[in-house]
$ cat run.cif   # mmCIF, C-alpha atoms
data_structure
loop_
_atom_site.label_atom_id
_atom_site.label_comp_id
_atom_site.auth_asym_id
_atom_site.auth_seq_id
_atom_site.Cartn_x
_atom_site.Cartn_y
_atom_site.Cartn_z
CA MET A 1 5.45 6.39 22.82
CA PHE A 2 5.93 3.78 20.11
CA ARG A 3 9.45 2.44 19.77
CA ILE A 4 11.03 1.53 16.45
CA VAL A 5 12.43 -1.99 16.92
CA LYS A 6 13.56 -2.47 13.33
CA LYS A 7 14.42 -0.22 10.41
CA GLU A 8 15.32 -1.87 7.10
CA PRO A 9 15.87 -0.11 3.75
CA LEU A 10 14.26 -2.18 0.97
CA ASN A 11 15.42 -0.03 -1.94
CA PRO A 12 16.81 3.52 -2.32
CA THR A 13 13.47 5.18 -1.50
CA VAL A 14 11.49 2.56 0.45
CA VAL A 15 12.03 1.62 4.12
CA LEU A 16 10.40 -0.95 6.41
CA PHE A 17 9.74 0.06 10.02
CA GLU A 18 8.71 -2.41 12.72
CA ILE A 19 6.97 -0.56 15.54
CA GLU A 20 6.26 -1.70 19.10
CA ALA A 21 2.46 -1.40 19.33
CA PRO A 22 0.98 -4.44 21.13
CA MET A 23 -2.65 -3.24 21.24
CA ILE A 24 -2.69 -2.62 17.48
CA ALA A 25 -0.87 -5.88 16.72
CA LYS A 26 -3.53 -7.74 18.69
CA LYS A 27 -6.35 -6.52 16.40
CA ALA A 28 -4.68 -5.79 13.04
CA GLU A 29 -5.82 -7.51 9.84
CA PRO A 30 -4.67 -7.23 6.19
CA GLY A 31 -6.05 -4.18 4.42
CA GLN A 32 -6.26 -1.99 7.52
CA PHE A 33 -4.14 1.07 8.22
CA ILE A 34 -2.68 3.17 11.02
CA ILE A 35 -2.26 6.92 11.48
CA LEU A 36 1.06 8.19 12.82
CA ARG A 37 2.73 11.41 13.89
CA VAL A 38 6.51 11.59 14.00
CA ASP A 39 6.56 14.28 16.71
CA GLU A 40 4.23 16.51 18.68
CA ASN A 41 4.02 19.14 15.95
CA GLY A 42 3.97 16.74 13.02
CA GLU A 43 1.18 16.10 10.55
CA ARG A 44 -0.95 12.97 10.78
CA ILE A 45 -0.52 10.54 7.89
CA PRO A 46 -2.29 7.23 7.18
CA LEU A 47 -0.13 4.23 6.24
CA THR A 48 -1.36 0.73 5.46
CA ILE A 49 -0.24 -2.08 7.75
CA HIS A 50 2.28 -4.32 6.00
CA ASP A 51 2.51 -7.03 8.66
CA TYR A 52 2.00 -7.70 12.34
CA ASP A 53 3.32 -10.07 14.99
CA ARG A 54 0.79 -10.66 17.74
CA GLU A 55 3.31 -12.48 19.97
CA LYS A 56 5.99 -9.79 19.72
CA GLY A 57 3.41 -7.02 19.83
CA THR A 58 4.76 -5.27 16.76
CA VAL A 59 3.30 -3.77 13.59
CA SER A 60 5.28 -3.27 10.38
CA ILE A 61 4.77 -0.48 7.88
CA ILE A 62 6.59 0.13 4.59
CA VAL A 63 7.17 3.76 3.73
CA GLN A 64 8.16 5.44 0.48
CA ILE A 65 10.29 8.48 1.30
CA ILE A 66 8.47 10.93 -0.90
CA GLY A 67 6.93 13.69 1.26
CA ALA A 68 7.84 15.91 4.19
CA THR A 69 6.57 13.58 6.92
CA THR A 70 8.09 10.43 5.45
CA PHE A 71 11.39 12.33 5.15
CA LYS A 72 11.19 13.21 8.88
CA LEU A 73 10.24 9.64 9.71
CA ASN A 74 13.30 8.36 7.87
CA GLN A 75 15.54 10.48 10.13
CA LEU A 76 14.57 8.21 13.03
CA ASN A 77 16.47 5.02 13.82
CA GLU A 78 15.99 1.83 15.79
CA GLY A 79 15.33 2.71 19.43
CA ASP A 80 13.70 6.05 18.60
CA CYS A 81 9.99 6.55 19.23
CA LEU A 82 7.03 7.89 17.29
CA HIS A 83 4.77 10.35 19.06
CA ASP A 84 1.50 8.76 17.82
CA PHE A 85 0.66 5.44 16.22
CA VAL A 86 -3.10 4.81 16.10
CA GLY A 87 -5.14 1.93 14.71
CA PRO A 88 -6.09 -0.43 13.28
CA LEU A 89 -8.43 1.64 11.10
CA GLY A 90 -10.44 0.84 7.98
CA LYS A 91 -12.17 -2.37 7.03
CA ALA A 92 -10.10 -5.53 6.71
CA THR A 93 -9.87 -7.19 3.30
CA GLU A 94 -12.29 -10.11 2.89
CA THR A 95 -10.14 -13.16 2.20
CA GLU A 96 -12.20 -16.18 3.24
CA GLY A 97 -14.18 -18.50 0.98
CA LYS A 98 -12.03 -18.12 -2.14
CA LYS A 99 -10.58 -21.10 -4.02
CA LYS A 100 -8.36 -19.32 -6.50
CA VAL A 101 -7.27 -15.68 -6.56
CA ALA A 102 -4.75 -13.38 -8.21
CA VAL A 103 -3.12 -10.54 -6.29
CA VAL A 104 -1.66 -7.68 -8.34
CA GLY A 105 0.80 -5.22 -6.81
CA GLY A 106 2.50 -2.23 -8.37
CA GLY A 107 5.60 -0.55 -6.92
CA VAL A 108 5.37 0.30 -3.23
CA GLY A 109 1.76 -0.94 -3.39
CA CYS A 110 3.30 -4.41 -3.07
CA ALA A 111 3.73 -3.61 0.62
CA ILE A 112 -0.07 -3.66 0.90
CA ALA A 113 -0.59 -6.51 -1.57
CA TYR A 114 1.65 -8.91 0.37
CA PRO A 115 -0.37 -9.22 3.63
CA VAL A 116 -3.54 -9.73 1.58
CA LEU A 117 -1.85 -12.40 -0.54
CA LYS A 118 -0.49 -14.06 2.60
CA LYS A 119 -3.94 -14.14 4.22
CA PHE A 120 -5.54 -15.62 1.08
CA HIS A 121 -2.84 -18.31 1.20
CA GLU A 122 -3.45 -19.00 4.90
CA CYS A 123 -7.20 -19.31 4.19
CA GLY A 124 -6.47 -22.16 1.76
CA ALA A 125 -6.81 -20.41 -1.60
CA GLU A 126 -4.55 -21.07 -4.56
CA VAL A 127 -2.81 -17.73 -4.97
CA HIS A 128 -1.19 -16.27 -8.09
CA ALA A 129 0.89 -13.11 -7.76
CA VAL A 130 1.60 -10.43 -10.35
CA VAL A 131 4.00 -7.70 -9.23
CA GLY A 132 5.45 -4.84 -11.22
CA PHE A 133 8.19 -2.24 -10.78
CA LYS A 134 9.85 0.42 -12.90
CA ASN A 135 13.22 -1.33 -12.80
CA LYS A 136 15.35 -3.91 -10.97
CA ASP A 137 16.59 -1.44 -8.34
CA LEU A 138 13.04 -0.82 -7.07
CA VAL A 139 12.01 -4.47 -6.57
CA ILE A 140 10.84 -5.23 -3.01
CA LEU A 141 9.52 -8.29 -1.14
CA GLU A 142 10.19 -10.76 -3.96
CA ASP A 143 11.05 -13.66 -1.63
CA LYS A 144 7.94 -13.10 0.50
CA PHE A 145 5.67 -13.12 -2.56
CA ARG A 146 7.24 -16.31 -3.93
CA ALA A 147 6.86 -18.08 -0.58
CA ALA A 148 3.12 -17.43 -0.37
CA SER A 149 2.07 -17.95 -4.01
CA SER A 150 1.97 -20.97 -6.32
CA VAL A 151 2.49 -18.85 -9.44
CA MET A 152 4.34 -15.56 -9.57
CA LYS A 153 4.97 -13.15 -12.42
CA LEU A 154 7.38 -10.28 -11.84
CA VAL A 155 7.58 -7.57 -14.49
CA THR A 156 9.57 -4.39 -14.92
CA ASP A 157 8.86 -1.47 -17.22
CA ASP A 158 12.36 -1.53 -18.70
CA GLY A 159 12.92 -5.30 -18.67
CA SER A 160 15.91 -5.02 -16.32
CA TYR A 161 14.48 -7.83 -14.15
CA GLY A 162 11.82 -10.47 -14.61
CA GLU A 163 9.69 -10.01 -17.73
CA LYS A 164 9.48 -6.72 -19.61
CA GLY A 165 6.00 -5.28 -19.58
CA LEU A 166 3.12 -4.10 -17.43
CA VAL A 167 1.19 -5.97 -14.73
CA THR A 168 -1.88 -5.88 -16.97
CA ASP A 169 0.03 -7.77 -19.68
CA ALA A 170 1.07 -10.48 -17.23
CA LEU A 171 -2.40 -10.70 -15.68
CA LYS A 172 -4.05 -11.07 -19.09
CA GLU A 173 -1.64 -13.88 -19.96
CA LEU A 174 -2.69 -15.77 -16.82
CA ILE A 175 -6.39 -15.28 -17.54
CA ASP A 176 -6.04 -16.25 -21.21
CA ALA A 177 -4.11 -19.36 -20.14
CA GLY A 178 -7.35 -20.65 -18.63
CA ASN A 179 -7.00 -19.65 -14.98
CA GLU A 180 -10.45 -19.10 -13.52
CA TYR A 181 -10.16 -16.69 -10.62
CA ASP A 182 -12.82 -16.17 -7.97
CA GLU A 183 -11.38 -12.73 -7.36
CA ILE A 184 -8.56 -10.41 -8.31
CA PHE A 185 -7.15 -7.99 -5.74
CA ALA A 186 -5.11 -5.02 -6.97
CA ILE A 187 -3.15 -2.29 -5.21
CA GLY A 188 -0.74 0.25 -6.67
CA PRO A 189 -0.91 3.65 -8.35
CA ALA A 190 -4.48 4.69 -9.16
CA ILE A 191 -3.79 4.57 -12.89
CA MET A 192 -2.53 0.98 -12.57
CA MET A 193 -5.62 -0.12 -10.65
CA LYS A 194 -7.80 1.55 -13.28
CA PHE A 195 -6.26 -0.50 -16.07
CA VAL A 196 -6.30 -3.73 -14.04
CA SER A 197 -10.05 -3.18 -13.58
CA LEU A 198 -10.49 -2.47 -17.30
CA THR A 199 -8.54 -5.65 -18.10
CA THR A 200 -10.69 -7.90 -15.91
CA LYS A 201 -14.09 -6.39 -16.67
CA PRO A 202 -14.61 -8.11 -20.07
CA TYR A 203 -13.97 -11.46 -18.37
CA GLY A 204 -16.48 -10.74 -15.60
CA ILE A 205 -13.92 -11.46 -12.86
CA PRO A 206 -14.74 -9.75 -9.52
CA THR A 207 -11.96 -7.22 -8.92
CA THR A 208 -11.22 -5.54 -5.60
CA VAL A 209 -8.98 -2.49 -5.39
CA SER A 210 -7.48 -0.77 -2.34
CA MET A 211 -7.95 2.99 -2.54
CA SER A 212 -5.56 3.69 0.34
CA PRO A 213 -3.20 5.67 -1.95
CA ILE A 214 -5.68 8.57 -2.10
CA MET A 215 -6.22 8.83 1.67
CA ILE A 216 -5.02 12.00 3.40
CA ASP A 217 -6.57 12.52 6.84
CA GLY A 218 -7.65 8.93 7.45
CA THR A 219 -10.82 9.80 9.40
CA GLY A 220 -13.22 11.06 6.71
CA MET A 221 -13.18 14.64 8.04
CA CYS A 222 -10.99 16.18 5.32
CA GLY A 223 -13.01 14.83 2.40
CA GLY A 224 -9.83 14.38 0.38
CA CYS A 225 -10.48 10.70 -0.34
CA ARG A 226 -14.01 11.05 -1.70
CA LEU A 227 -14.84 8.51 -4.37
CA SER A 228 -17.73 7.82 -6.67
CA VAL A 229 -18.44 4.09 -6.51
CA GLY A 230 -21.40 2.86 -8.50
CA GLY A 231 -22.70 6.42 -8.56
CA GLU A 232 -22.57 6.74 -4.76
CA MET A 233 -20.21 8.98 -2.80
CA LYS A 234 -17.81 7.02 -0.59
CA PHE A 235 -14.78 7.81 1.55
CA ALA A 236 -11.76 5.56 1.09
CA CYS A 237 -10.76 5.74 4.75
CA VAL A 238 -14.08 5.02 6.49
CA ASP A 239 -16.00 3.06 3.83
CA GLY A 240 -12.96 1.16 2.57
CA PRO A 241 -10.20 1.17 1.67
CA ASP A 242 -11.36 -1.79 -0.50
CA PHE A 243 -13.91 -1.24 -3.28
CA ASP A 244 -15.27 -2.93 -6.40
CA GLY A 245 -12.82 -1.84 -9.10
CA HIS A 246 -15.48 -2.12 -11.79
CA LYS A 247 -17.67 0.48 -10.03
CA VAL A 248 -15.03 3.11 -9.18
CA ASP A 249 -15.12 6.34 -11.20
CA TRP A 250 -11.43 6.18 -12.11
CA ASP A 251 -11.19 9.51 -13.88
CA LEU A 252 -12.38 11.27 -10.72
CA ALA A 253 -10.12 9.15 -8.49
CA VAL A 254 -6.99 9.82 -10.56
CA LYS A 255 -7.75 13.55 -10.67
CA ARG A 256 -8.25 13.69 -6.89
CA ASN A 257 -5.03 11.77 -6.32
CA GLN A 258 -3.12 14.55 -8.09
CA MET A 259 -4.76 17.49 -6.29
CA TYR A 260 -2.10 18.02 -3.62
CA ARG A 261 1.00 17.12 -5.61
CA GLU A 262 2.34 20.69 -5.90
CA PHE A 263 1.79 21.37 -2.19
CA GLU A 264 3.44 18.09 -1.21
CA MET A 265 6.49 18.83 -3.36
CA HIS A 266 6.85 22.30 -1.79
CA LYS A 267 6.49 20.91 1.76
CA HIS A 268 9.03 18.17 1.07
CA GLU A 269 11.56 20.68 -0.24
CA GLU A 270 10.96 22.94 2.77
CA THR A 271 11.49 20.09 5.24
CA CYS A 272 14.65 18.85 3.50
CA ASN A 273 16.13 22.34 3.57
CA LEU A 274 15.32 22.67 7.27
CA PHE A 275 17.15 19.43 8.10
CA LYS A 276 20.14 20.55 6.03
CA LYS A 277 20.35 23.83 7.97
CA GLU A 278 20.14 21.99 11.31
CA ALA A 279 22.87 19.58 10.19
CA ASN A 280 25.17 22.49 9.36
#

$ encode --input "run.cif" --output "structure tokens"
Amino acid sequence: MFRIVKKEPLNPTVVLFEIEAPMIAKKAEPGQFIILRVDENGERIPLTIHDYDREKGTVSIIVQIIGATTFKLNQLNEGDCLHDFVGPLGKATETEGKKKVAVVGGGVGCAIAYPVLKKFHECGAEVHAVVGFKNKDLVILEDKFRAASSVMKLVTDDGSYGEKGLVTDALKELIDAGNEYDEIFAIGPAIMMKFVSLTTKPYGIPTTVSMSPIMIDGTGMCGGCRLSVGGEMKFACVDGPDFDGHKVDWDLAVKRNQMYREFEMHKHEETCNLFKKEAN
């Protein structure tokens, strides 16, 4: 069993969990993910590793409470245990050998962007961060991003915090200001990553995207995370989750990301109603 040693709400819908998992903490690297089950009868869901502490033997994940399983997970508290917590899975993000990079995170995707940014920083690269949220209430990890980057731009859709605008606006400003990046790494909603890739392509800047948001099973067996990358079929979970953003077929990826939305909404409503009945 995997004990929850820390539970910290980051905003109204996003929660950080620190899990006791020494074998995973020993091997984990930025960009990789775990698969968990809340209980014996629960579904398996993949979640990207946010951080790890090899000495403490813990792994941190950041969860957006949006579906049935994340709702059940959020019912647990410090001291409770998860039934399964397996990993690390997926290929680690390549962070060595870069002199100057920009890391772009959107919404809860910042939970994945941060460990990559931190590793770039530890490898000696000059790191610029661009992070975006819908509004001030949804901002997460601001202090961590500032501590590991030499330049940071924070934007919100409504202008309630930081600069008003999109991450692509802020990224283009940095590029047009003369910053020559060896690589740009982006993680967030599929539509955001699509437009980051379209923004960088005319400049010829290598752009890596994490396709973890479209993963379902996490092992390649379900086929739900199939991608067309450079005309070749790939699976986000076993071939990635990192890919060349300029080669991804974004129309296909966005469409696939929306396939299970109706089912997920129904399952979430069903689970919430079940917990309400049990509480009464």

$ atom_distance --input "run.cif" --atom1 "atom CA of Ala28 of chain A" --atom2 "atom CA of Gly105 of chain A"
20.6 Å

$ closest_residue --input "run.cif" --among "A:Val15, A:Leu198, A:Ile175, A:Val209" --to "Gln75 of chain A" --atoms "all atoms listed in the file"
A:Val15

$ resolve_selection --input "run.cif" --expression "the PyMOL selection byres ((chain A and resi 141-148) around 12)" --output "PyMOL selection string"
chain A and resi 8-11+14-16+50-51+62+102-133+136+138-140+149-155+161-162

$ residues_around --input "run.cif" --residues "Thr200 of chain A" --least-positions-apart "3" --cutoff "9 Å" --atoms "all atoms listed in the file" --output "ChimeraX atom specification"
/A:171-172,175,184,195-197,203-207,246

$ resolve_selection --input "run.cif" --expression "the PyMOL selection byres ((chain A and resi 190) around 8)" --output "list in words"
Gly188, Pro189, Ile191, Met192, Met193, Lys194, Met211, Pro213, Trp250, Ala253, Val254 and Asn257 of chain A

$ atom_distance --input "run.cif" --atom1 "atom CA of Phe235 of chain A" --atom2 "atom CA of Val248 of chain A"
11.7 Å

$ residues_around --input "run.cif" --residues "Phe85 of chain A" --least-positions-apart "5" --cutoff "9 Å" --atoms "all atoms listed in the file" --output "PyMOL selection string"
chain A and resi 1-2+19+21+24+34-38

$ closest_residue --input "run.cif" --among "A:Tyr181, A:Tyr52, A:Phe33, A:Phe17" --to "Asp80 of chain A" --atoms "only C-alpha atoms"
A:Phe17

$ resolve_selection --input "run.cif" --expression "the PyMOL selection byres ((chain A and resi 182) around 6)" --output "list in words"
Lys100, Val101, Tyr181 and Glu183 of chain A

$ closest_residue --input "run.cif" --among "A:Ser212, A:Lys27, A:Asp84, A:Glu96" --to "Asp53 of chain A" --atoms "only C-alpha atoms"
A:Lys27

$ atom_distance --input "run.cif" --atom1 "atom CA of Ile61 of chain A" --atom2 "atom CA of Lys234 of chain A"
25.3 Å

$ closest_residue --input "run.cif" --among "A:Asn74, A:Thr69, A:Asn135, A:Gln64" --to "Asp158 of chain A" --atoms "only C-alpha atoms"
A:Asn135

$ residues_near_point --input "run.cif" --point "(10.2, 1.1, 23.5)" --cutoff "7 Å" --atoms "only C-alpha atoms" --output "list of chain:residue names"
A:Phe2, A:Arg3, A:Glu20, A:Gly79, A:Cys81

$ closest_residue --input "run.cif" --among "A:Phe71, A:Ala170, A:Ile49, A:Ser210" --to "Ile187 of chain A" --atoms "all atoms listed in the file"
A:Ser210

$ closest_residue --input "run.cif" --among "A:Glu78, A:Phe243, A:Lys56, A:Ser228" --to "Lys6 of chain A" --atoms "all atoms listed in the file"
A:Glu78

$ build_atoms --input "run.cif" --residues "segment 115-144 of chain A" --atoms "N, CA and C atoms" --output "mmCIF file, in the frame of the given file"
data_model
loop_
_atom_site.group_PDB
_atom_site.id
_atom_site.type_symbol
_atom_site.label_atom_id
_atom_site.label_comp_id
_atom_site.auth_asym_id
_atom_site.auth_seq_id
_atom_site.Cartn_x
_atom_site.Cartn_y
_atom_site.Cartn_z
ATOM 1 N N PRO A 115 0.420 -8.632 2.533
ATOM 2 C CA PRO A 115 -0.370 -9.220 3.630
ATOM 3 C C PRO A 115 -1.699 -9.794 3.173
ATOM 4 N N VAL A 116 -2.292 -9.199 2.119
ATOM 5 C CA VAL A 116 -3.540 -9.730 1.580
ATOM 6 C C VAL A 116 -3.285 -11.080 0.920
ATOM 7 N N LEU A 117 -2.235 -11.145 0.109
ATOM 8 C CA LEU A 117 -1.850 -12.400 -0.540
ATOM 9 C C LEU A 117 -1.565 -13.490 0.500
ATOM 10 N N LYS A 118 -0.831 -13.116 1.533
ATOM 11 C CA LYS A 118 -0.490 -14.060 2.600
ATOM 12 C C LYS A 118 -1.737 -14.599 3.291
ATOM 13 N N LYS A 119 -2.716 -13.726 3.543
ATOM 14 C CA LYS A 119 -3.940 -14.140 4.220
ATOM 15 C C LYS A 119 -4.782 -15.044 3.318
ATOM 16 N N PHE A 120 -4.860 -14.725 2.021
ATOM 17 C CA PHE A 120 -5.540 -15.620 1.080
ATOM 18 C C PHE A 120 -4.911 -17.017 1.145
ATOM 19 N N HIS A 121 -3.586 -17.046 1.143
ATOM 20 C CA HIS A 121 -2.840 -18.310 1.200
ATOM 21 C C HIS A 121 -3.156 -19.077 2.479
ATOM 22 N N GLU A 122 -3.171 -18.370 3.604
ATOM 23 C CA GLU A 122 -3.450 -19.000 4.900
ATOM 24 C C GLU A 122 -4.887 -19.514 4.982
ATOM 25 N N CYS A 123 -5.792 -18.888 4.204
ATOM 26 C CA CYS A 123 -7.200 -19.310 4.190
ATOM 27 C C CYS A 123 -7.435 -20.499 3.251
ATOM 28 N N GLY A 124 -6.370 -20.958 2.581
ATOM 29 C CA GLY A 124 -6.470 -22.160 1.760
ATOM 30 C C GLY A 124 -6.672 -21.929 0.270
ATOM 31 N N ALA A 125 -6.623 -20.687 -0.173
ATOM 32 C CA ALA A 125 -6.810 -20.410 -1.600
ATOM 33 C C ALA A 125 -5.533 -20.672 -2.388
ATOM 34 N N GLU A 126 -5.695 -21.046 -3.645
ATOM 35 C CA GLU A 126 -4.550 -21.070 -4.560
ATOM 36 C C GLU A 126 -4.307 -19.626 -4.984
ATOM 37 N N VAL A 127 -3.093 -19.149 -4.758
ATOM 38 C CA VAL A 127 -2.810 -17.730 -4.970
ATOM 39 C C VAL A 127 -1.784 -17.536 -6.084
ATOM 40 N N HIS A 128 -2.120 -16.682 -7.047
ATOM 41 C CA HIS A 128 -1.190 -16.270 -8.090
ATOM 42 C C HIS A 128 -0.837 -14.805 -7.851
ATOM 43 N N ALA A 129 0.434 -14.477 -7.994
ATOM 44 C CA ALA A 129 0.890 -13.110 -7.760
ATOM 45 C C ALA A 129 1.411 -12.490 -9.042
ATOM 46 N N VAL A 130 1.058 -11.222 -9.245
ATOM 47 C CA VAL A 130 1.600 -10.430 -10.350
ATOM 48 C C VAL A 130 2.119 -9.132 -9.730
ATOM 49 N N VAL A 131 3.420 -8.901 -9.820
ATOM 50 C CA VAL A 131 4.000 -7.700 -9.230
ATOM 51 C C VAL A 131 4.828 -6.968 -10.267
ATOM 52 N N GLY A 132 4.748 -5.626 -10.215
ATOM 53 C CA GLY A 132 5.450 -4.840 -11.220
ATOM 54 C C GLY A 132 6.200 -3.666 -10.630
ATOM 55 N N PHE A 133 7.344 -3.344 -11.234
ATOM 56 C CA PHE A 133 8.190 -2.240 -10.780
ATOM 57 C C PHE A 133 8.757 -1.529 -12.005
ATOM 58 N N LYS A 134 9.252 -0.318 -11.795
ATOM 59 C CA LYS A 134 9.850 0.420 -12.900
ATOM 60 C C LYS A 134 11.133 -0.248 -13.397
ATOM 61 N N ASN A 135 11.966 -0.690 -12.444
ATOM 62 C CA ASN A 135 13.220 -1.330 -12.800
ATOM 63 C C ASN A 135 13.706 -2.238 -11.686
ATOM 64 N N LYS A 136 14.811 -2.921 -11.905
ATOM 65 C CA LYS A 136 15.350 -3.910 -10.970
ATOM 66 C C LYS A 136 15.665 -3.302 -9.608
ATOM 67 N N ASP A 137 16.172 -2.074 -9.592
ATOM 68 C CA ASP A 137 16.590 -1.440 -8.340
ATOM 69 C C ASP A 137 15.432 -1.177 -7.386
ATOM 70 N N LEU A 138 14.203 -1.154 -7.894
ATOM 71 C CA LEU A 138 13.040 -0.820 -7.070
ATOM 72 C C LEU A 138 12.250 -2.039 -6.604
ATOM 73 N N VAL A 139 12.716 -3.233 -6.954
ATOM 74 C CA VAL A 139 12.010 -4.470 -6.570
ATOM 75 C C VAL A 139 12.064 -4.654 -5.046
ATOM 76 N N ILE A 140 10.912 -4.956 -4.447
ATOM 77 C CA ILE A 140 10.840 -5.230 -3.010
ATOM 78 C C ILE A 140 10.021 -6.497 -2.770
ATOM 79 N N LEU A 141 10.324 -7.191 -1.681
ATOM 80 C CA LEU A 141 9.520 -8.290 -1.140
ATOM 81 C C LEU A 141 9.388 -9.503 -2.073
ATOM 82 N N GLU A 142 10.301 -9.662 -3.003
ATOM 83 C CA GLU A 142 10.190 -10.760 -3.960
ATOM 84 C C GLU A 142 10.128 -12.126 -3.276
ATOM 85 N N ASP A 143 11.013 -12.366 -2.311
ATOM 86 C CA ASP A 143 11.050 -13.660 -1.630
ATOM 87 C C ASP A 143 9.755 -13.942 -0.881
ATOM 88 N N LYS A 144 9.186 -12.925 -0.255
ATOM 89 C CA LYS A 144 7.940 -13.100 0.500
ATOM 90 C C LYS A 144 6.793 -13.475 -0.438
#
